[in-house]
There are 2 protein chains.
Amino acid sequence: MSELKRRGRPKQFDREHTLAIATRLYWAEGLEGMSINQICESADVSKPSLYREFGNEDGLLTAVFHYYTETVTKPFLQLFDVDVPFEKLIPQLVHAIHTKHDNSEIPTGCLAIKMRNCAPKLSPELLSRIDAFTLELQQAFETWFTFNQTKLPSTITPNFAAKYLDGQLSATMALVCKGVSIDDACQVLVTGLSVLNLPGTKVATTPTN
Amino acid sequence: MSELKRRGRPKQFDREHTLAIATRLYWAEGLEGMSINQICESADVSKPSLYREFGNEDGLLTAVFHYYTETVTKPFLQLFDVDVPFEKLIPQLVHAIHTKHDNSEIPTGCLAIKMRNCAPKLSPELLSRIDAFTLELQQAFETWFTFNQTKLPSTITPNFAAKYLDGQLSATMALVCKGVSIDDACQVLVTGLSVLNLPGTKVATTPTN
DNA sequence: TATCTTTCGTACTAGGTGGTATATTAACCA
DNA sequence: TGGTTAATATACCACCTAGTACGAAAGATA
């Protein structure tokens with residue numbers, strides 16, 4: 001146990017609570033739409049406390065990004081475990097999107113993408129961390145397709161399929177952000193993925209030549 | 001002609017030039033990444049001159065949005081004229097994307113979407129203008145599919161096809177913004193649109209049930 | 001009790017933001 | 001020439017931003 005008595009005034013600052021609120025705010029309002037002052041006010045912490053914990057704004061953003069990937073993206077990535085069978089991926093994706101947007105107040109879009117769009121505000125270190133993570137995600141897709149390659153159309157490589165899936169997910173989120181209903185957005189996702197020959201889609205096309 | 005002599009000091013302010021520079025800057029750097037001061041400096045105009053012309057920041061943004069739709073989006077929309085035959089749409093889209101990103105310094109992404117993402121900064125009037133325009137675009141897609149409905153798969157309505165196309169274009173732009181090559185992004189677009197049975201695509205799928 | 005150590009928050013800084021008051025300038029007209 | 005009109009830019013405003021100096025507070029140690 002780390003039950004040895006610490007000297008000095010006991011710490012009251014709740015890092016986890018602050019990170020949760022900051023992440024939610026940045027995610028919902030956008031990086032540039034949210035200031036340190038507003039975050040301090042919402043999380044009910046003093047500004048020096050926040051700076052003591054995270055150093056500066058970039059430190060806070062780095063911690064927020066880490067918190068986001070751990071609590072949001074990584075659970076999503078588990079859907080692409082190579083053990084997940086071919087025929088269960090799309091229903092799982094649709095289910096994940098539905099539960100994520102239906103019964104809670106999760107903001108729309110991807111925080112990592114929103115952060116990437118504010119590149120000039122970010123340090124090179126954080127920027128490369130974001131890029132590394134998106135690459136990691138991309139490669140998880142590719143790995144999944146590699147292990148499930150047998151049923152891919154012959155003209156489609158796992159690498160392209162990964163990019164294509166990435167694009168379809170972007171499309172779905174973009175539509176949701178635009179106000180399209182979750183059902184319609186999921187239908188777009190399912191339709192788009194149907195070209196990869198994944199089961200669970202209704203749309204069928206015929207060869208063009 | 002409006003050649004009647006105006007009284008007072010002749011105007012030097014070049015509205016068109018300023019709008020062109022402001023649009024480019026907002027488009028490239030994002031709404032929140034660009035300040036009035038920076039725009040004035042880049043356009044080499046004084047701040048009062050800019051305020052005299054546009055009233056306030058929201059007025060400038062409104063003018064920028066109009067300039068953007070007129071010079072960028074509407075030419076793109078012409079590709080969806082109902083007279084454009086079915087089999088020429090995709091090559092035109094790909095060609096448009098290529099020429100737009102290859103030989104010039106056009107920023108990536110869509111300014112209208114970037115503006116929409118900064119909703120809290122925008123006046124309700126401008127916000128509804130943006131929404132109206134995106135709706136108009138969506139309906140142009142739908143009209144095109146209505147006039148070219150015959151070859152659409154029976155399970156796909158023109159309304160859904162319009163949303164789907166919107167999503168595929170978002171996907172393409174998202175990939176380009178992420179650093180994916182134009183060729184790969186266009187290939188994603190072509191592949192995605194293949195489910196609509198449009199000619200010009202190589203990928204063919206077989207019915208799943 | 002007094003000292004030491006650590007965390008706390010008030011109150012401040014410098015700089016940037018959107019926006020403007022005001023004096024000057026430059027053309028017309030009489 | 002002098003008066004009228006309108007466009008110009010300097011120099012300013014109040015406010016907000018990220019970031020911090022510093023003294024008070026709260027516990028352990030002696």
# chains A, B, ... in the order shown; residues from 1 in each chain; ligands from 1
>>> residues_around(residues="DA23 of chain C", least_positions_apart="6", cutoff="12 Å", atoms="only C-alpha atoms (C1' of nucleotides)", output="list in words")
DT8, DA9, DT10 and DA11 of chain D
>>> write_last_selection(atoms="N, CA and C atoms (P, O5', C5', C4', C3', O3' and C1' of nucleotides)", output="PDB file, in the first residue's frame")
ATOM      1  P    DT D   8     -10.750  53.758 -48.053  1.00  0.00           P
ATOM      2  O5'  DT D   8      -9.702  54.416 -47.063  1.00  0.00           O
ATOM      3  C5'  DT D   8      -8.590  55.136 -47.602  1.00  0.00           C
ATOM      4  C4'  DT D   8      -7.848  55.839 -46.497  1.00  0.00           C
ATOM      5  C3'  DT D   8      -7.346  54.944 -45.395  1.00  0.00           C
ATOM      6  O3'  DT D   8      -6.087  54.415 -45.732  1.00  0.00           O
ATOM      7  C1'  DT D   8      -8.194  57.028 -44.556  1.00  0.00           C
ATOM      8  P    DA D   9      -5.505  53.167 -45.030  1.00  0.00           P
ATOM      9  O5'  DA D   9      -4.844  53.748 -43.696  1.00  0.00           O
ATOM     10  C5'  DA D   9      -3.868  54.776 -43.760  1.00  0.00           C
ATOM     11  C4'  DA D   9      -3.612  55.333 -42.375  1.00  0.00           C
ATOM     12  C3'  DA D   9      -3.173  54.302 -41.343  1.00  0.00           C
ATOM     13  O3'  DA D   9      -2.273  54.919 -40.449  1.00  0.00           O
ATOM     14  C1'  DA D   9      -5.142  55.294 -40.602  1.00  0.00           C
ATOM     15  P    DT D  10      -1.087  54.084 -39.794  1.00  0.00           P
ATOM     16  O5'  DT D  10      -0.795  54.850 -38.403  1.00  0.00           O
ATOM     17  C5'  DT D  10      -0.751  56.253 -38.375  1.00  0.00           C
ATOM     18  C4'  DT D  10      -1.344  56.800 -37.078  1.00  0.00           C
ATOM     19  C3'  DT D  10      -0.853  56.103 -35.811  1.00  0.00           C
ATOM     20  O3'  DT D  10      -0.444  57.086 -34.870  1.00  0.00           O
ATOM     21  C1'  DT D  10      -3.198  56.199 -35.824  1.00  0.00           C
ATOM     22  P    DA D  11       0.498  56.671 -33.602  1.00  0.00           P
ATOM     23  O5'  DA D  11      -0.487  56.889 -32.369  1.00  0.00           O
ATOM     24  C5'  DA D  11      -1.608  57.761 -32.484  1.00  0.00           C
ATOM     25  C4'  DA D  11      -2.722  57.267 -31.599  1.00  0.00           C
ATOM     26  C3'  DA D  11      -2.249  56.463 -30.381  1.00  0.00           C
ATOM     27  O3'  DA D  11      -2.788  57.019 -29.200  1.00  0.00           O
ATOM     28  C1'  DA D  11      -3.999  55.356 -31.483  1.00  0.00           C
TER      29       DA D  11
END
>>> residues_around(residues="His17 of chain B", least_positions_apart="2", cutoff="12 Å", atoms="only C-alpha atoms (C1' of nucleotides)", output="VMD selection string")
chain B and resid 12 to 15 19 to 24 39 to 40 42 to 45 50 64 67
>>> interface_residues(of="chain B", to="chain C", cutoff="9 Å", atoms="only C-alpha atoms (C1' of nucleotides)", output="ChimeraX atom specification")
/B:5-10,35-37,48,51,56-57
>>> closest_residue(among="A:Gly55, A:Gly179, A:Gly33, A:Gly109", to="Leu122 of chain B", atoms="only C-alpha atoms")
A:Gly33
>>> closest_atom_pairs(of="chain D", to="chain A", cutoff="9 Å", atoms="only C-alpha atoms (C1' of nucleotides)", output="Markdown table")
| residue | atom | partner | partner_atom | distance |
| --- | --- | --- | --- | --- |
| D:DT17 | C1' | A:Ser35 | CA | 7.8 |
| D:DA18 | C1' | A:Glu57 | CA | 7.7 |
| D:DG19 | C1' | A:Asn56 | CA | 7.8 |
| D:DT20 | C1' | A:Pro48 | CA | 8.1 |
| D:DA25 | C1' | A:Arg9 | CA | 7.9 |
| D:DA26 | C1' | A:Arg9 | CA | 4.7 |
| D:DG27 | C1' | A:Arg9 | CA | 4.7 |
| D:DA28 | C1' | A:Arg7 | CA | 5.1 |
| D:DT29 | C1' | A:Arg7 | CA | 8.8 |
>>> select_by_dssp(residues="segment 95-166 of chain B", states="alpha helix (DSSP H)", output="mmCIF file with N, CA and C atoms, in the first residue's frame")
data_model
loop_
_atom_site.group_PDB
_atom_site.id
_atom_site.type_symbol
_atom_site.label_atom_id
_atom_site.label_comp_id
_atom_site.auth_asym_id
_atom_site.auth_seq_id
_atom_site.Cartn_x
_atom_site.Cartn_y
_atom_site.Cartn_z
ATOM 1 N N HIS B 95 -11.916 13.976 -61.470
ATOM 2 C CA HIS B 95 -11.127 14.999 -62.154
ATOM 3 C C HIS B 95 -11.136 16.303 -61.370
ATOM 4 N N ALA B 96 -12.318 16.671 -60.871
ATOM 5 C CA ALA B 96 -12.431 17.917 -60.111
ATOM 6 C C ALA B 96 -11.566 17.864 -58.856
ATOM 7 N N ILE B 97 -11.617 16.740 -58.163
ATOM 8 C CA ILE B 97 -10.820 16.621 -56.938
ATOM 9 C C ILE B 97 -9.341 16.688 -57.250
ATOM 10 N N HIS B 98 -8.948 15.997 -58.308
ATOM 11 C CA HIS B 98 -7.539 16.007 -58.667
ATOM 12 C C HIS B 98 -7.055 17.409 -59.010
ATOM 13 N N THR B 99 -7.742 18.062 -59.955
ATOM 14 C CA THR B 99 -7.266 19.376 -60.382
ATOM 15 C C THR B 99 -7.310 20.364 -59.231
ATOM 16 N N LYS B 100 -8.277 20.192 -58.327
ATOM 17 C CA LYS B 100 -8.393 21.139 -57.212
ATOM 18 C C LYS B 100 -7.216 21.027 -56.263
ATOM 19 N N HIS B 101 -6.703 19.806 -56.085
ATOM 20 C CA HIS B 101 -5.641 19.641 -55.100
ATOM 21 C C HIS B 101 -4.254 19.537 -55.711
ATOM 22 N N ASP B 102 -4.183 19.260 -56.989
ATOM 23 C CA ASP B 102 -2.869 19.025 -57.560
ATOM 24 C C ASP B 102 -2.141 20.315 -57.900
ATOM 25 N N LEU B 111 -14.787 24.750 -46.330
ATOM 26 C CA LEU B 111 -14.882 25.894 -45.426
ATOM 27 C C LEU B 111 -16.242 25.941 -44.731
ATOM 28 N N ALA B 112 -17.297 25.564 -45.467
ATOM 29 C CA ALA B 112 -18.634 25.595 -44.864
ATOM 30 C C ALA B 112 -18.700 24.679 -43.650
ATOM 31 N N ILE B 113 -18.078 23.508 -43.756
ATOM 32 C CA ILE B 113 -18.075 22.581 -42.625
ATOM 33 C C ILE B 113 -17.239 23.136 -41.488
ATOM 34 N N LYS B 114 -16.101 23.713 -41.833
ATOM 35 C CA LYS B 114 -15.262 24.306 -40.791
ATOM 36 C C LYS B 114 -15.999 25.425 -40.072
ATOM 37 N N MET B 115 -16.740 26.215 -40.829
ATOM 38 C CA MET B 115 -17.511 27.289 -40.194
ATOM 39 C C MET B 115 -18.580 26.689 -39.291
ATOM 40 N N ARG B 116 -19.248 25.661 -39.797
ATOM 41 C CA ARG B 116 -20.326 25.040 -39.022
ATOM 42 C C ARG B 116 -19.811 24.475 -37.712
ATOM 43 N N PRO B 124 -26.816 33.641 -35.315
ATOM 44 C CA PRO B 124 -27.878 32.745 -35.785
ATOM 45 C C PRO B 124 -28.166 32.930 -37.269
ATOM 46 N N GLU B 125 -28.089 34.166 -37.737
ATOM 47 C CA GLU B 125 -28.372 34.424 -39.147
ATOM 48 C C GLU B 125 -27.374 33.679 -40.043
ATOM 49 N N LEU B 126 -26.086 33.859 -39.746
ATOM 50 C CA LEU B 126 -25.078 33.196 -40.567
ATOM 51 C C LEU B 126 -25.213 31.678 -40.467
ATOM 52 N N LEU B 127 -25.489 31.217 -39.258
ATOM 53 C CA LEU B 127 -25.631 29.784 -39.047
ATOM 54 C C LEU B 127 -26.750 29.209 -39.910
ATOM 55 N N SER B 128 -27.873 29.903 -39.944
ATOM 56 C CA SER B 128 -28.984 29.381 -40.734
ATOM 57 C C SER B 128 -28.686 29.499 -42.218
ATOM 58 N N ARG B 129 -27.914 30.528 -42.591
ATOM 59 C CA ARG B 129 -27.490 30.617 -43.989
ATOM 60 C C ARG B 129 -26.664 29.407 -44.386
ATOM 61 N N ILE B 130 -25.723 29.043 -43.529
ATOM 62 C CA ILE B 130 -24.872 27.891 -43.819
ATOM 63 C C ILE B 130 -25.719 26.626 -43.923
ATOM 64 N N ASP B 131 -26.616 26.449 -42.960
ATOM 65 C CA ASP B 131 -27.459 25.252 -42.980
ATOM 66 C C ASP B 131 -28.338 25.223 -44.225
ATOM 67 N N ALA B 132 -28.852 26.383 -44.599
ATOM 68 C CA ALA B 132 -29.688 26.433 -45.789
ATOM 69 C C ALA B 132 -28.892 26.028 -47.019
ATOM 70 N N PHE B 133 -27.654 26.492 -47.080
ATOM 71 C CA PHE B 133 -26.853 26.172 -48.253
ATOM 72 C C PHE B 133 -26.519 24.692 -48.328
ATOM 73 N N THR B 134 -26.144 24.098 -47.188
ATOM 74 C CA THR B 134 -25.831 22.674 -47.210
ATOM 75 C C THR B 134 -27.066 21.857 -47.571
ATOM 76 N N LEU B 135 -28.217 22.335 -47.123
ATOM 77 C CA LEU B 135 -29.463 21.662 -47.503
ATOM 78 C C LEU B 135 -29.688 21.766 -49.011
ATOM 79 N N GLU B 136 -29.427 22.955 -49.530
ATOM 80 C CA GLU B 136 -29.557 23.182 -50.972
ATOM 81 C C GLU B 136 -28.664 22.220 -51.756
ATOM 82 N N LEU B 137 -27.452 22.052 -51.244
ATOM 83 C CA LEU B 137 -26.507 21.138 -51.885
ATOM 84 C C LEU B 137 -27.038 19.721 -51.856
ATOM 85 N N GLN B 138 -27.505 19.343 -50.676
ATOM 86 C CA GLN B 138 -28.076 18.008 -50.506
ATOM 87 C C GLN B 138 -29.227 17.772 -51.487
ATOM 88 N N GLN B 139 -30.049 18.798 -51.649
ATOM 89 C CA GLN B 139 -31.199 18.650 -52.544
ATOM 90 C C GLN B 139 -30.778 18.612 -54.006
ATOM 91 N N ALA B 140 -29.666 19.297 -54.311
ATOM 92 C CA ALA B 140 -29.151 19.199 -55.679
ATOM 93 C C ALA B 140 -28.723 17.774 -55.977
ATOM 94 N N PHE B 141 -28.080 17.153 -54.993
ATOM 95 C CA PHE B 141 -27.723 15.740 -55.160
ATOM 96 C C PHE B 141 -28.979 14.911 -55.406
ATOM 97 N N GLU B 142 -29.967 15.139 -54.552
ATOM 98 C CA GLU B 142 -31.187 14.332 -54.632
ATOM 99 C C GLU B 142 -31.873 14.516 -55.979
ATOM 100 N N THR B 143 -31.904 15.771 -56.447
ATOM 101 C CA THR B 143 -32.501 16.030 -57.758
ATOM 102 C C THR B 143 -31.773 15.260 -58.845
ATOM 103 N N TRP B 144 -30.460 15.291 -58.767
ATOM 104 C CA TRP B 144 -29.682 14.589 -59.778
ATOM 105 C C TRP B 144 -30.029 13.102 -59.780
ATOM 106 N N PHE B 145 -30.089 12.519 -58.584
ATOM 107 C CA PHE B 145 -30.409 11.088 -58.517
ATOM 108 C C PHE B 145 -31.844 10.815 -58.960
ATOM 109 N N THR B 146 -32.741 11.759 -58.692
ATOM 110 C CA THR B 146 -34.115 11.576 -59.140
ATOM 111 C C THR B 146 -34.178 11.515 -60.660
ATOM 112 N N PHE B 147 -33.427 12.385 -61.313
ATOM 113 C CA PHE B 147 -33.434 12.403 -62.770
ATOM 114 C C PHE B 147 -32.659 11.242 -63.356
ATOM 115 N N PRO B 158 -33.569 8.055 -54.056
ATOM 116 C CA PRO B 158 -32.737 9.231 -54.350
ATOM 117 C C PRO B 158 -32.340 9.981 -53.094
ATOM 118 N N ASN B 159 -33.238 10.066 -52.120
ATOM 119 C CA ASN B 159 -32.909 10.774 -50.876
ATOM 120 C C ASN B 159 -31.741 10.114 -50.156
ATOM 121 N N PHE B 160 -31.803 8.786 -50.059
ATOM 122 C CA PHE B 160 -30.690 8.100 -49.398
ATOM 123 C C PHE B 160 -29.419 8.195 -50.220
ATOM 124 N N ALA B 161 -29.555 8.081 -51.529
ATOM 125 C CA ALA B 161 -28.380 8.191 -52.395
ATOM 126 C C ALA B 161 -27.700 9.537 -52.205
ATOM 127 N N ALA B 162 -28.498 10.599 -52.022
ATOM 128 C CA ALA B 162 -27.923 11.927 -51.809
ATOM 129 C C ALA B 162 -27.136 11.966 -50.509
ATOM 130 N N LYS B 163 -27.706 11.419 -49.437
ATOM 131 C CA LYS B 163 -26.989 11.376 -48.162
ATOM 132 C C LYS B 163 -25.726 10.531 -48.302
ATOM 133 N N TYR B 164 -25.868 9.439 -49.006
ATOM 134 C CA TYR B 164 -24.720 8.548 -49.182
ATOM 135 C C TYR B 164 -23.598 9.245 -49.944
ATOM 136 N N LEU B 165 -23.970 9.932 -51.010
ATOM 137 C CA LEU B 165 -22.968 10.680 -51.768
ATOM 138 C C LEU B 165 -22.318 11.738 -50.892
ATOM 139 N N ASP B 166 -23.136 12.441 -50.129
ATOM 140 C CA ASP B 166 -22.606 13.436 -49.200
ATOM 141 C C ASP B 166 -21.581 12.800 -48.275
#
>>> atom_distance(atom1="atom CA of Glu70 of chain B", atom2="atom CA of Thr18 of chain B")
15.4 Å
>>> atom_distance(atom1="atom CA of Glu16 of chain A", atom2="atom CA of Phe76 of chain A")
20.7 Å
>>> closest_residue(among="B:Asp58, B:Asp184, B:Glu53, B:Glu105", to="chain A", atoms="only C-alpha atoms")
B:Asp184
>>> atom_distance(atom1="atom CA of Val94 of chain B", atom2="atom CA of Cys186 of chain B")
6.1 Å
